[in-house]
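Have a look at the structure below, then the notes.
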Amino acid sequence: MNSKIELPRVAKGKKPIYLDERSIDNLMAMIMTLTQEISVLRDRLDTIEKLLVNKKSITLEDIETFEPDDDLIKERKDRRQMLLKRVLLPIDKELEK
Amino acid sequence: MSSSKQKHSMQPQPNHDESVRQDFVTDLRAFLTDEIYPKITPYYEKNVETKFIKEKNRKPKDKNEVRDLMLKDNAYQSWSLLQRLSQQMMFTSVIDTVERTLDDLIERSKKNNDLGSLKLDNKIDMPRYLTAYDIHQQPGGYHTESTEDDVSPGVVYDISLPIYSRNSMGSENDLLSQAIIGHIEKYIDNLKPEKILDMGCAIGNSTLPFAKIFPDSEIHGIDVASPCLRYAHARANALGVTAHFSQQNAEKTDFSNETFDLVTSCLFLHETSHDAVPKIINESYRLLKPGGWMIHLDVYPFHRDAIEPLYDFLKDWEVTNNNENFSGALRNMDLPKIFEDAGFSKESIEFTSAEAVAKYTKGYTGDFYLKLPIYLAQKPHRQ
């Protein structure tokens, strides 16, 4: 994602509307919670990766007490922004019309 | 900085996943504010407004017409829904930690109580403006007791604030009262208050800075929500600050006439009601000594000049989408008249945007909150 060229990500053509009621609100809530859990899993994996670089084996305690440094906090922040950009792309693009 | 680190000993330590779950919400709110929200105005102008002009040959005239258009617009509504969800996700992710650690937090709150005092009143009438809906969508509001000696609503509030404000309120969430203190230095000569009252103090985050700036003053905080007050007292002790908290309604307190030199509040009036505001101002007047000052900081600029209808509409977002039901109506109240009717000197009434520099606040990163208005008024000196 370092390239400055932005390739198109939404295909032209008719976009039929399927839902327009409470159920779509609930779906959005479910999608955002799932996105949050993906982010949690990704950060947990990241913690484990960082710990394993220095050690052959790690304990649950190591994971729970892991303190990311400022660089890693920034790295995670950027990754979450990319995740959100991907997940929320349809809405982002809709507002760019 | 991660938003989920302990700032003092009365805050719980989130476990690994809770911590990064809270970080996700901070970043979601940043994404919605920085990436999505700026697109709303150009989108509105290019699409919604253009269509309206084609049909009616004029622009929408006020926020009500804009609202009718925007609530039917799926793109706007998607942002609005996401913004609302981010608030819900913030509370859920924080409540996980508080619920898991609550027994320990309650135990700690009972041990940390040597400084200052705490006076609760279990017969207090809870005002309907707090019980009819949960302000800011905090589940259970400020007041709900989920267990004996509960402190949980206070803890939830304390660790949600940095997520809500994107860490811009300082490490002790005290940016707003620092702005008030900046104003005192700017507008009031030689104020040396013996007694200070902070109304609607909740967890006391805006109460405690006065103790540091005026170390010889006696500091009081009142609120109707007992679990917040228990936490406020324990939190003050954790931070080593002496303050006296009591469970009272600011519309009518049990303090004697002319008790205080300074009566203040931070983001309190907009969480009350149309009937309550004049009562709170009258009570502020009654409690002040002659020559004493009343200072309220609250949301919404006081300018009544023509605001762009879209901007006017967007300003009201929190009213209907985040259970700040009264904040829109507060904008339309004539506060200078209410102050004058209560007896405050007309020439001393100041309505000013808080441009103060928060020079005493560590770790404060943004100036959004310093644009909030501060309302100052003085009780006349005795003739």
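Chain lettering (A, B, ...) mirrors the order of the structure tokens, residue numbering begins at 1 for each chain separately, and ligand numbering begins at 1 in order of display.
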
(Q) I need the contact residues of chain B against chain A, so if you could list those with any atom within 10 Å, counting only C-alpha atoms, and return them as a ChimeraX atom specification, that would help. (A) /B:1-2,5,14-28,30-32,35-44,46-47,74-79,81-82,84-86,88-89,93

(Q) Show me, as a ChimeraX atom specification, the residues that have an atom within 12 Å of Gly343 in chain B when counting only C-alpha atoms, minus same-chain residues fewer than 5 positions from it. (A) /B:278,281-286,288,290-291,294,336-338,348-349,377-381

For those residues, write C-alpha atoms to a file as a PDB file, in the first residue's frame.
```pdb
ATOM      1  CA  PRO B 278     -32.996  28.482  35.539  1.00  0.00           C
ATOM      2  CA  ILE B 281     -28.615  29.374  37.879  1.00  0.00           C
ATOM      3  CA  ASN B 282     -30.806  30.628  40.758  1.00  0.00           C
ATOM      4  CA  GLU B 283     -29.174  28.116  43.089  1.00  0.00           C
ATOM      5  CA  SER B 284     -25.713  29.219  41.907  1.00  0.00           C
ATOM      6  CA  TYR B 285     -26.722  32.776  42.816  1.00  0.00           C
ATOM      7  CA  ARG B 286     -28.049  31.786  46.249  1.00  0.00           C
ATOM      8  CA  LEU B 288     -22.449  32.552  46.072  1.00  0.00           C
ATOM      9  CA  PRO B 290     -21.546  38.755  47.240  1.00  0.00           C
ATOM     10  CA  GLY B 291     -18.834  39.375  44.651  1.00  0.00           C
ATOM     11  CA  MET B 294     -20.323  31.629  38.570  1.00  0.00           C
ATOM     12  CA  PRO B 336     -27.944  36.095  29.519  1.00  0.00           C
ATOM     13  CA  LYS B 337     -31.575  36.777  30.433  1.00  0.00           C
ATOM     14  CA  ILE B 338     -31.673  33.805  32.818  1.00  0.00           C
ATOM     15  CA  SER B 348     -20.248  41.062  34.313  1.00  0.00           C
ATOM     16  CA  ILE B 349     -21.995  38.489  32.134  1.00  0.00           C
ATOM     17  CA  ALA B 377     -21.152  35.992  35.698  1.00  0.00           C
ATOM     18  CA  GLN B 378     -20.564  37.788  38.988  1.00  0.00           C
ATOM     19  CA  LYS B 379     -22.950  38.187  41.917  1.00  0.00           C
ATOM     20  CA  PRO B 380     -23.080  41.914  42.813  1.00  0.00           C
ATOM     21  CA  HIS B 381     -21.098  43.086  45.813  1.00  0.00           C
TER      22      HIS B 381
END
```

Q: Can you check which residues of range 88-307 of chain B DSSP gives as strand (DSSP E) on the backbone and send them as an NGL selection string?
A: :B and (117-119 or 195-199 or 218-223 or 244-247 or 260-266 or 288-297)

Kindly save the residues from that selection, with N, CA and C atoms included, as a short mmCIF file (atom, residue, chain, number, x, y, z; two decimals), in the first residue's frame.
```cif
data_model
loop_
_atom_site.label_atom_id
_atom_site.label_comp_id
_atom_site.auth_asym_id
_atom_site.auth_seq_id
_atom_site.Cartn_x
_atom_site.Cartn_y
_atom_site.Cartn_z
N SER B 117 -14.11 13.87 51.85
CA SER B 117 -15.28 13.17 52.41
C SER B 117 -16.26 12.78 51.31
N LEU B 118 -17.17 11.88 51.68
CA LEU B 118 -18.21 11.41 50.77
C LEU B 118 -19.51 11.31 51.55
N LYS B 119 -20.55 12.00 51.07
CA LYS B 119 -21.85 11.96 51.75
C LYS B 119 -22.92 11.56 50.73
N LYS B 195 -13.99 28.79 49.32
CA LYS B 195 -14.78 27.59 49.04
C LYS B 195 -15.24 27.58 47.59
N ILE B 196 -15.10 26.41 46.98
CA ILE B 196 -15.46 26.24 45.57
C ILE B 196 -16.46 25.09 45.45
N LEU B 197 -17.50 25.28 44.62
CA LEU B 197 -18.46 24.20 44.37
C LEU B 197 -18.46 23.85 42.88
N ASP B 198 -18.32 22.56 42.58
CA ASP B 198 -18.44 22.07 41.21
C ASP B 198 -19.74 21.29 41.09
N MET B 199 -20.66 21.80 40.25
CA MET B 199 -21.98 21.18 40.11
C MET B 199 -21.98 20.10 39.04
N GLU B 218 -11.41 25.09 50.04
CA GLU B 218 -12.15 23.86 50.32
C GLU B 218 -12.97 23.55 49.07
N ILE B 219 -12.76 22.37 48.51
CA ILE B 219 -13.37 22.03 47.22
C ILE B 219 -14.53 21.06 47.43
N HIS B 220 -15.70 21.41 46.88
CA HIS B 220 -16.87 20.54 46.95
C HIS B 220 -17.34 20.14 45.56
N GLY B 221 -17.76 18.88 45.43
CA GLY B 221 -18.38 18.41 44.19
C GLY B 221 -19.71 17.78 44.52
N ILE B 222 -20.76 18.16 43.74
CA ILE B 222 -22.07 17.51 43.95
C ILE B 222 -22.55 16.87 42.66
N ASP B 223 -23.33 15.80 42.84
CA ASP B 223 -23.92 15.11 41.71
C ASP B 223 -25.07 14.28 42.26
N HIS B 244 -14.46 17.24 48.76
CA HIS B 244 -15.63 16.76 49.47
C HIS B 244 -16.78 16.53 48.49
N PHE B 245 -17.24 15.29 48.43
CA PHE B 245 -18.28 14.96 47.48
C PHE B 245 -19.59 14.65 48.20
N SER B 246 -20.69 15.20 47.71
CA SER B 246 -21.99 14.87 48.31
C SER B 246 -23.05 14.70 47.22
N GLN B 247 -24.01 13.81 47.53
CA GLN B 247 -25.04 13.47 46.56
C GLN B 247 -26.17 14.48 46.67
N PHE B 260 -20.21 29.93 48.97
CA PHE B 260 -19.08 29.73 48.05
C PHE B 260 -18.61 31.04 47.41
N ASP B 261 -17.32 31.04 47.05
CA ASP B 261 -16.74 32.16 46.31
C ASP B 261 -16.76 31.90 44.81
N LEU B 262 -16.84 30.62 44.46
CA LEU B 262 -16.82 30.22 43.05
C LEU B 262 -17.74 29.01 42.89
N VAL B 263 -18.70 29.12 41.95
CA VAL B 263 -19.56 27.98 41.61
C VAL B 263 -19.33 27.69 40.14
N THR B 264 -19.07 26.43 39.84
CA THR B 264 -18.66 26.10 38.47
C THR B 264 -19.30 24.81 38.00
N SER B 265 -19.30 24.60 36.67
CA SER B 265 -19.69 23.30 36.13
C SER B 265 -19.03 23.13 34.77
N CYS B 266 -18.85 21.87 34.38
CA CYS B 266 -18.24 21.53 33.10
C CYS B 266 -19.15 20.58 32.34
N LEU B 288 -23.64 31.70 46.17
CA LEU B 288 -22.45 32.55 46.07
C LEU B 288 -22.46 33.66 47.12
N LYS B 289 -21.26 33.95 47.63
CA LYS B 289 -21.09 35.14 48.46
C LYS B 289 -21.19 36.36 47.54
N PRO B 290 -21.57 37.54 48.08
CA PRO B 290 -21.55 38.75 47.24
C PRO B 290 -20.15 38.93 46.63
N GLY B 291 -20.12 39.24 45.35
CA GLY B 291 -18.83 39.38 44.65
C GLY B 291 -18.29 38.05 44.12
N GLY B 292 -18.99 36.97 44.45
CA GLY B 292 -18.54 35.65 43.98
C GLY B 292 -18.84 35.42 42.51
N TRP B 293 -18.18 34.43 41.92
CA TRP B 293 -18.30 34.20 40.48
C TRP B 293 -18.93 32.85 40.17
N MET B 294 -19.75 32.86 39.12
CA MET B 294 -20.32 31.63 38.57
C MET B 294 -19.69 31.40 37.20
N ILE B 295 -19.21 30.20 36.95
CA ILE B 295 -18.59 29.89 35.65
C ILE B 295 -19.09 28.52 35.17
N HIS B 296 -19.81 28.51 34.06
CA HIS B 296 -20.26 27.25 33.47
C HIS B 296 -19.65 27.08 32.08
N LEU B 297 -19.03 25.93 31.86
CA LEU B 297 -18.53 25.61 30.52
C LEU B 297 -19.49 24.61 29.90
#
```

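The interatomic distance for the pair CA of Val151 in chain B and CA of His8 in chain B works out to 15.2 Å.
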
(Q) Nearest residue to Glu107 in chain B out of B:Tyr231, B:Phe313, B:Tyr375, B:Phe344, using only C-alpha atoms? (A) B:Tyr231

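Distance-wise, CA of Ala179 in chain B and CA of Phe210 in chain B end up 11.3 Å apart.
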
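When CA of Lys279 in chain B is paired with CA of Leu161 in chain B, their separation reads 28.3 Å.
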
**Q.** Test item, alpha helix (DSSP H) assignment across range 228-269 of chain B, answer as a ChimeraX atom specification
**A.** /B:228-238

Residues just named, written with N, CA and C atoms as an mmCIF file, in the first residue's frame:
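Produced file again13.cif, reproduced below:
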```cif
data_model
loop_
_atom_site.group_PDB
_atom_site.id
_atom_site.type_symbol
_atom_site.label_atom_id
_atom_site.label_comp_id
_atom_site.auth_asym_id
_atom_site.auth_seq_id
_atom_site.Cartn_x
_atom_site.Cartn_y
_atom_site.Cartn_z
ATOM 1 N N CYS B 228 -21.047 7.298 40.712
ATOM 2 C CA CYS B 228 -20.003 8.205 40.219
ATOM 3 C C CYS B 228 -19.313 8.904 41.381
ATOM 4 N N LEU B 229 -20.094 9.281 42.414
ATOM 5 C CA LEU B 229 -19.505 9.989 43.559
ATOM 6 C C LEU B 229 -18.566 9.085 44.355
ATOM 7 N N ARG B 230 -18.976 7.816 44.544
ATOM 8 C CA ARG B 230 -18.074 6.872 45.232
ATOM 9 C C ARG B 230 -16.742 6.791 44.495
ATOM 10 N N TYR B 231 -16.855 6.691 43.168
ATOM 11 C CA TYR B 231 -15.642 6.609 42.365
ATOM 12 C C TYR B 231 -14.867 7.920 42.410
ATOM 13 N N ALA B 232 -15.593 9.056 42.366
ATOM 14 C CA ALA B 232 -14.934 10.371 42.405
ATOM 15 C C ALA B 232 -14.076 10.494 43.661
ATOM 16 N N HIS B 233 -14.631 10.045 44.797
ATOM 17 C CA HIS B 233 -13.917 10.153 46.064
ATOM 18 C C HIS B 233 -12.679 9.246 46.075
ATOM 19 N N ALA B 234 -12.859 8.002 45.616
ATOM 20 C CA ALA B 234 -11.733 7.062 45.566
ATOM 21 C C ALA B 234 -10.671 7.537 44.574
ATOM 22 N N ARG B 235 -11.146 8.086 43.450
ATOM 23 C CA ARG B 235 -10.226 8.583 42.424
ATOM 24 C C ARG B 235 -9.419 9.771 42.957
ATOM 25 N N ALA B 236 -10.098 10.690 43.670
ATOM 26 C CA ALA B 236 -9.399 11.843 44.254
ATOM 27 C C ALA B 236 -8.323 11.357 45.223
ATOM 28 N N ASN B 237 -8.662 10.340 46.012
ATOM 29 C CA ASN B 237 -7.680 9.777 46.942
ATOM 30 C C ASN B 237 -6.521 9.125 46.200
ATOM 31 N N ALA B 238 -6.838 8.415 45.115
ATOM 32 C CA ALA B 238 -5.773 7.782 44.320
ATOM 33 C C ALA B 238 -4.819 8.830 43.760
#
```

Q.
Which residues are close to His270 in chain B, i.e. within 9 Å by only C-alpha atoms, leaving aside same-chain residues fewer than 6 positions away? Reply as a VMD selection string.
A. chain B and resid 277 298 to 299 324 to 331

Could you save the residues just selected, with N, CA and C atoms, as a PDB file, in the first residue's frame?
```
ATOM      1  N   VAL B 277     -32.419  24.380  34.113  1.00  0.00           N
ATOM      2  CA  VAL B 277     -31.360  25.384  33.935  1.00  0.00           C
ATOM      3  C   VAL B 277     -31.595  26.651  34.775  1.00  0.00           C
ATOM      4  N   ASP B 298     -19.924  24.888  28.686  1.00  0.00           N
ATOM      5  CA  ASP B 298     -20.838  23.922  28.073  1.00  0.00           C
ATOM      6  C   ASP B 298     -20.682  23.834  26.563  1.00  0.00           C
ATOM      7  N   VAL B 299     -21.372  22.856  25.975  1.00  0.00           N
ATOM      8  CA  VAL B 299     -21.243  22.638  24.529  1.00  0.00           C
ATOM      9  C   VAL B 299     -21.946  23.752  23.764  1.00  0.00           C
ATOM     10  N   GLU B 324     -28.131  13.052  23.701  1.00  0.00           N
ATOM     11  CA  GLU B 324     -27.901  14.324  24.398  1.00  0.00           C
ATOM     12  C   GLU B 324     -29.137  15.165  24.162  1.00  0.00           C
ATOM     13  N   ASN B 325     -30.264  14.633  24.590  1.00  0.00           N
ATOM     14  CA  ASN B 325     -31.568  15.151  24.159  1.00  0.00           C
ATOM     15  C   ASN B 325     -31.765  16.651  24.375  1.00  0.00           C
ATOM     16  N   PHE B 326     -31.167  17.196  25.421  1.00  0.00           N
ATOM     17  CA  PHE B 326     -31.432  18.594  25.760  1.00  0.00           C
ATOM     18  C   PHE B 326     -30.445  19.577  25.134  1.00  0.00           C
ATOM     19  N   SER B 327     -29.330  19.084  24.624  1.00  0.00           N
ATOM     20  CA  SER B 327     -28.279  20.023  24.207  1.00  0.00           C
ATOM     21  C   SER B 327     -28.718  20.927  23.060  1.00  0.00           C
ATOM     22  N   GLY B 328     -29.579  20.422  22.164  1.00  0.00           N
ATOM     23  CA  GLY B 328     -30.076  21.263  21.073  1.00  0.00           C
ATOM     24  C   GLY B 328     -30.938  22.398  21.602  1.00  0.00           C
ATOM     25  N   ALA B 329     -31.825  22.080  22.552  1.00  0.00           N
ATOM     26  CA  ALA B 329     -32.727  23.095  23.118  1.00  0.00           C
ATOM     27  C   ALA B 329     -31.945  24.131  23.923  1.00  0.00           C
ATOM     28  N   LEU B 330     -30.870  23.705  24.559  1.00  0.00           N
ATOM     29  CA  LEU B 330     -30.059  24.653  25.345  1.00  0.00           C
ATOM     30  C   LEU B 330     -29.527  25.779  24.464  1.00  0.00           C
ATOM     31  N   ARG B 331     -29.182  25.427  23.217  1.00  0.00           N
ATOM     32  CA  ARG B 331     -28.677  26.434  22.278  1.00  0.00           C
ATOM     33  C   ARG B 331     -29.669  27.563  22.079  1.00  0.00           C
TER      34      ARG B 331
END
```
